[in-house]
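Colleague: Contents are compact mmCIF, C-alpha atoms; file name upload-v5.txt:
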```
# COMPACT_ATOMS: atom_id res chain seq x y z
CA MET D 1 115.63 102.18 77.46
CA ASP D 2 112.96 102.21 74.76
CA ASP D 3 110.35 104.93 75.51
CA GLU D 4 107.48 102.47 75.22
CA LEU D 5 109.15 100.06 77.65
CA GLN D 6 109.82 102.94 80.05
CA ILE D 7 106.13 103.91 79.93
CA ALA D 8 105.13 100.29 80.58
CA LYS D 9 107.57 100.09 83.52
CA GLU D 10 106.26 103.34 85.03
CA ASN D 11 102.69 102.11 84.60
CA PHE D 12 103.57 98.85 86.38
CA ILE D 13 105.29 100.70 89.24
CA GLN D 14 102.21 102.89 89.69
CA GLY D 15 100.03 99.77 89.69
CA MET D 16 102.21 98.12 92.33
CA SER D 17 101.98 101.30 94.36
CA ARG D 18 98.17 101.12 94.26
CA ILE D 19 97.94 97.39 94.95
CA GLY D 20 100.40 97.74 97.82
CA SER D 21 97.76 99.58 99.80
CA PHE D 22 95.30 96.72 99.12
CA TRP D 23 97.72 94.37 100.91
CA GLY D 24 98.13 96.84 103.75
CA PHE D 25 101.48 98.21 102.61
CA SER D 26 102.46 101.77 101.89
CA LYS D 27 102.33 103.05 98.33
CA ALA D 28 106.09 103.57 98.52
CA MET D 29 106.61 99.89 99.36
CA GLY D 30 104.55 98.83 96.36
CA ALA D 31 106.48 101.19 94.08
CA ILE D 32 109.82 99.96 95.42
CA TYR D 33 108.85 96.35 94.84
CA GLY D 34 107.67 97.27 91.33
CA VAL D 35 111.03 98.86 90.52
CA ILE D 36 112.99 95.86 91.81
CA TYR D 37 110.65 93.33 90.16
CA LEU D 38 111.10 94.84 86.69
CA SER D 39 114.86 95.28 87.04
CA PRO D 40 116.90 92.62 85.26
CA ASP D 41 119.96 93.74 87.24
CA LEU D 42 120.54 94.21 90.94
CA VAL D 43 119.19 97.55 92.20
CA SER D 44 120.93 99.81 94.75
CA LEU D 45 119.17 102.02 97.29
CA ASP D 46 120.25 105.11 95.33
CA GLU D 47 118.70 103.70 92.16
CA LEU D 48 115.49 102.89 94.08
CA VAL D 49 115.27 106.48 95.32
CA LYS D 50 115.56 107.72 91.75
CA GLN D 51 113.17 105.24 90.13
CA ALA D 52 110.52 104.96 92.87
CA GLY D 53 110.50 108.68 93.57
CA VAL D 54 110.67 108.37 97.36
CA SER D 55 113.19 109.51 99.96
CA LYS D 56 116.23 107.44 100.86
CA GLY D 57 114.86 106.95 104.39
CA ALA D 58 111.56 105.62 103.02
CA VAL D 59 113.41 103.32 100.63
CA SER D 60 115.62 101.98 103.41
CA THR D 61 112.70 101.34 105.77
CA ASN D 62 110.48 99.76 103.12
CA VAL D 63 113.23 97.58 101.66
CA ARG D 64 113.86 96.10 105.11
CA THR D 65 110.17 95.22 105.38
CA LEU D 66 110.14 93.74 101.87
CA GLU D 67 113.21 91.72 102.79
CA ARG D 68 111.60 90.44 106.02
CA LEU D 69 108.54 89.37 103.99
CA GLY D 70 110.77 87.53 101.53
CA MET D 71 109.68 89.77 98.64
CA VAL D 72 113.19 91.03 97.94
CA HIS D 73 116.64 89.63 98.65
CA LYS D 74 119.74 91.60 99.56
CA LYS D 75 122.80 90.91 97.43
CA MET D 76 126.36 92.15 97.52
CA LYS D 77 128.71 92.97 94.67
CA LEU D 78 132.35 92.06 95.19
CA GLY D 79 134.39 95.16 95.98
CA ASP D 80 131.30 97.33 96.47
CA ARG D 81 130.01 98.34 99.90
CA LYS D 82 126.50 99.16 98.70
CA ASP D 83 123.55 96.86 99.24
CA TYR D 84 121.73 95.69 96.15
CA TYR D 85 118.36 94.02 95.81
CA THR D 86 116.65 91.52 93.61
CA ALA D 87 112.94 90.60 93.63
CA GLU D 88 111.42 87.28 94.57
CA ALA D 89 109.49 86.32 91.44
CA ASP D 90 107.56 83.35 92.86
CA MET D 91 104.21 84.95 93.72
CA TRP D 92 103.01 81.96 95.75
CA LYS D 93 106.11 82.22 97.89
CA ILE D 94 105.41 85.92 98.41
CA VAL D 95 101.77 85.35 99.34
CA ARG D 96 102.81 82.62 101.77
CA GLY D 97 105.38 84.94 103.35
CA VAL D 98 102.92 87.80 103.68
CA LEU D 99 100.23 85.54 105.15
CA LYS D 100 102.66 84.02 107.65
CA GLU D 101 103.88 87.46 108.70
CA ARG D 102 100.35 88.77 109.08
CA GLU D 103 99.27 85.66 110.95
CA LYS D 104 102.13 86.09 113.44
CA THR D 105 101.38 89.71 114.23
CA GLU D 106 98.07 91.41 113.58
CA PHE D 107 95.97 88.33 113.01
CA GLY D 108 96.86 86.69 116.32
CA LEU D 109 96.23 89.94 118.17
CA ALA D 110 92.86 90.43 116.47
CA LEU D 111 91.78 86.85 117.26
CA ASP D 112 92.83 87.25 120.90
CA THR D 113 90.96 90.56 121.20
CA VAL D 114 87.74 89.09 119.80
CA GLY D 115 88.00 86.10 122.16
CA GLU D 116 88.65 88.33 125.17
CA SER D 117 85.73 90.60 124.25
CA LEU D 118 83.43 87.61 123.85
CA ASP D 119 84.50 86.25 127.25
CA MET D 120 83.76 89.66 128.81
CA VAL D 121 80.28 89.76 127.29
CA LYS D 122 79.57 86.16 128.37
CA THR D 123 80.44 86.97 131.99
CA VAL D 124 77.96 89.85 132.27
CA THR D 125 75.66 88.43 134.93
CA ASN D 126 72.85 90.92 135.02
CA PRO D 127 72.91 93.02 131.83
CA VAL D 128 71.02 96.30 131.88
CA ASP D 129 70.11 95.69 128.25
CA PRO D 130 69.80 91.90 127.67
CA GLU D 131 69.03 92.38 123.97
CA LEU D 132 72.22 94.39 123.44
CA ASN D 133 74.18 91.77 125.41
CA ASP D 134 72.78 89.00 123.16
CA PHE D 135 73.50 91.11 120.07
CA TYR D 136 77.13 91.54 121.15
CA LYS D 137 77.46 87.80 121.84
CA GLU D 138 76.06 86.94 118.42
CA ARG D 139 78.28 89.41 116.58
CA LEU D 140 81.43 88.46 118.50
CA LYS D 141 80.78 84.73 117.99
CA GLY D 142 80.39 85.40 114.27
CA MET D 143 83.64 87.35 114.15
CA GLU D 144 85.45 84.68 116.19
CA SER D 145 84.15 81.99 113.84
CA PHE D 146 85.28 83.99 110.81
CA PHE D 147 88.78 84.56 112.24
CA ASN D 148 89.10 80.88 113.16
CA SER D 149 88.05 79.89 109.64
CA LEU D 150 90.50 82.37 108.17
CA ASP D 151 93.26 81.03 110.42
CA ASN D 152 92.48 77.48 109.28
CA MET D 153 92.46 78.61 105.65
CA VAL D 154 95.89 80.26 106.01
CA THR D 155 97.22 77.12 107.71
CA ALA D 156 95.80 74.93 104.93
CA PHE D 157 97.15 77.25 102.22
CA THR D 158 100.60 77.18 103.80
CA ALA D 159 100.49 73.40 104.17
CA LEU D 160 99.42 72.98 100.53
CA ASP D 161 102.18 75.28 99.38
CA ASN D 162 104.71 73.38 101.48
CA LEU D 163 103.41 70.13 99.98
CA ARG D 164 103.76 71.62 96.49
CA VAL D 165 107.35 72.63 97.20
CA SER D 166 108.27 69.31 98.81
CA ALA D 167 106.63 67.35 95.97
CA LEU D 168 108.68 69.04 93.24
CA PRO D 169 111.83 66.93 93.69
CA SER D 170 109.87 63.68 93.47
CA LEU D 171 107.95 64.91 90.41
CA PHE D 172 111.20 65.99 88.80
CA LYS D 173 112.68 62.56 89.57
CA LYS D 174 109.69 60.80 87.96
CA THR D 175 109.94 63.01 84.87
CA MET D 176 113.65 62.24 84.52
CA ASN D 177 113.03 58.48 84.91
CA ASN D 178 110.36 58.52 82.19
CA GLU D 179 112.72 59.97 79.60
```
Could you render the structure from this file as structure tokens?
Modeller:
Amino acid sequence: MDDELQIAKENFIQGMSRIGSFWGFSKAMGAIYGVIYLSPDLVSLDELVKQAGVSKGAVSTNVRTLERLGMVHKKMKLGDRKDYYTAEADMWKIVRGVLKEREKTEFGLALDTVGESLDMVKTVTNPVDPELNDFYKERLKGMESFFNSLDNMVTAFTALDNLRVSALPSLFKKTMNNE
């Protein structure tokens, strides 16, 4: 590979490693996705270990998570027992997958916890510190409102993305009919 392209690839992988932590992923997961994303060919676990600079165990664990999120897809080569991977290149599809996954797990738990905490504070009948009780109610209501808004936004985003995907065949049909 051309030295300049190799430097650009390494820079991208480092960037993906950094941005991975922004999304709540490990740096290794970001680097692994970066390697797969900039690979024109299918990539094996051994190649990922070499290019991402992480252990085989870390590669294996992180690739499974990336696969569950729909960020990478496992492929097979005829006559070869190794697993190979290719990257999902549709960023909207990736964001949708990550948001859905987060909504199912951590987000639901966080929303439930805030609601339970608010219910606990509301049922305090004779607070020792009424001002602190009111403060907690106000803060927890604000957090609950934020999480509900965020949940609605994720639902709307997913619905819009689904609409975009479902509208493509009809748009394609119209384009073909106009020619």
Colleague: Have a look at atom CA of Val49 of chain D and atom CA of Tyr37 of chain D and let me know their distance in Å, one decimal.
Modeller: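 Distance between the two atoms: 14.9 Å.
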Colleague: Atom CA of Ile19 of chain D and atom CA of Val54 of chain D, how far apart in Å?
Modeller: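 We find that atom CA of Val54 of chain D and atom CA of Ile19 of chain D lie 17.0 Å from each other.
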Colleague: For atom CA of Asn62 of chain D and atom CA of Glu101 of chain D, determine how far apart the two atoms are, in Å to one decimal place.
Modeller: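 That distance, rounded to one decimal, is 15.0 Å.
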Colleague: Within 12 Å of (92.0, 83.7, 109.0), only C-alpha atoms: residues as a PyMOL selection string?
Modeller: chain D and resi 99-100+102-104+106-111+143-158
Colleague: Need to verify the contact set: Val43 of chain D, 8 Å, only C-alpha atoms, exclusion of same-chain residues closer than 5 positions in sequence. Can you return it as a list in words?
Modeller: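 Selected residues are Ile36, Leu48, Tyr84, Tyr85 and Thr86 of chain D.
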Colleague: Can those selected residues be exported to a file as an mmCIF file, in the coordinates of the input so that it contains C-alpha atoms?
Modeller:
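Now in result09.cif:
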```cif
data_model
loop_
_atom_site.group_PDB
_atom_site.id
_atom_site.type_symbol
_atom_site.label_atom_id
_atom_site.label_comp_id
_atom_site.auth_asym_id
_atom_site.auth_seq_id
_atom_site.Cartn_x
_atom_site.Cartn_y
_atom_site.Cartn_z
ATOM 1 C CA ILE D 36 112.990 95.860 91.810
ATOM 2 C CA LEU D 48 115.490 102.890 94.080
ATOM 3 C CA TYR D 84 121.730 95.690 96.150
ATOM 4 C CA TYR D 85 118.360 94.020 95.810
ATOM 5 C CA THR D 86 116.650 91.520 93.610
#
```
Colleague: Can you list, as a VMD selection string, every protein, DNA or RNA residue that comes within 12 Å of segment 68-83 of chain D when you count all atoms listed in the file, leaving out same-chain residues fewer than 5 positions away?
Modeller: chain D and resid 25 29 to 30 32 to 37 39 41 to 48 60 to 63 88 to 102 104
Colleague: Can I get the selection written as an mmCIF file, in the coordinates of the input, with C-alpha atoms?
Modeller:
```cif
data_model
loop_
_atom_site.group_PDB
_atom_site.id
_atom_site.type_symbol
_atom_site.label_atom_id
_atom_site.label_comp_id
_atom_site.auth_asym_id
_atom_site.auth_seq_id
_atom_site.Cartn_x
_atom_site.Cartn_y
_atom_site.Cartn_z
ATOM 1 C CA PHE D 25 101.480 98.210 102.610
ATOM 2 C CA MET D 29 106.610 99.890 99.360
ATOM 3 C CA GLY D 30 104.550 98.830 96.360
ATOM 4 C CA ILE D 32 109.820 99.960 95.420
ATOM 5 C CA TYR D 33 108.850 96.350 94.840
ATOM 6 C CA GLY D 34 107.670 97.270 91.330
ATOM 7 C CA VAL D 35 111.030 98.860 90.520
ATOM 8 C CA ILE D 36 112.990 95.860 91.810
ATOM 9 C CA TYR D 37 110.650 93.330 90.160
ATOM 10 C CA SER D 39 114.860 95.280 87.040
ATOM 11 C CA ASP D 41 119.960 93.740 87.240
ATOM 12 C CA LEU D 42 120.540 94.210 90.940
ATOM 13 C CA VAL D 43 119.190 97.550 92.200
ATOM 14 C CA SER D 44 120.930 99.810 94.750
ATOM 15 C CA LEU D 45 119.170 102.020 97.290
ATOM 16 C CA ASP D 46 120.250 105.110 95.330
ATOM 17 C CA GLU D 47 118.700 103.700 92.160
ATOM 18 C CA LEU D 48 115.490 102.890 94.080
ATOM 19 C CA SER D 60 115.620 101.980 103.410
ATOM 20 C CA THR D 61 112.700 101.340 105.770
ATOM 21 C CA ASN D 62 110.480 99.760 103.120
ATOM 22 C CA VAL D 63 113.230 97.580 101.660
ATOM 23 C CA GLU D 88 111.420 87.280 94.570
ATOM 24 C CA ALA D 89 109.490 86.320 91.440
ATOM 25 C CA ASP D 90 107.560 83.350 92.860
ATOM 26 C CA MET D 91 104.210 84.950 93.720
ATOM 27 C CA TRP D 92 103.010 81.960 95.750
ATOM 28 C CA LYS D 93 106.110 82.220 97.890
ATOM 29 C CA ILE D 94 105.410 85.920 98.410
ATOM 30 C CA VAL D 95 101.770 85.350 99.340
ATOM 31 C CA ARG D 96 102.810 82.620 101.770
ATOM 32 C CA GLY D 97 105.380 84.940 103.350
ATOM 33 C CA VAL D 98 102.920 87.800 103.680
ATOM 34 C CA LEU D 99 100.230 85.540 105.150
ATOM 35 C CA LYS D 100 102.660 84.020 107.650
ATOM 36 C CA GLU D 101 103.880 87.460 108.700
ATOM 37 C CA ARG D 102 100.350 88.770 109.080
ATOM 38 C CA LYS D 104 102.130 86.090 113.440
#
```
Colleague: Between D:Gln6, D:Phe12, D:Ala52, D:Ser117, which residue has the minimum interatomic distance to Ala28 of chain D, considering all atoms listed in the file?
Modeller: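 Closest to Ala28 of chain D, using all atoms listed in the file: D:Ala52.
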Colleague: Given the choices D:Val124, D:Val59, D:Ile7, D:Leu118, which gets closest to Glu138 of chain D if the distance is worked out from all atoms listed in the file?
Modeller: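 Smallest separation from Glu138 of chain D among the options: D:Leu118.
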Colleague: From the options D:Ala87, D:Val121, D:Leu132, D:Leu66, which residue's atoms come nearest to Pro40 of chain D, counting all atoms listed in the file?
Modeller: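 Among the listed residues, the smallest separation from Pro40 of chain D belongs to D:Ala87.
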Colleague: When distances are computed from only C-alpha atoms, which of D:Ala58, D:Ile13, D:Leu38, D:Val114 shows the smallest separation from Arg139 of chain D?
Modeller: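 Looking only at the distances to Arg139 of chain D, the closest residue turns out to be D:Val114.
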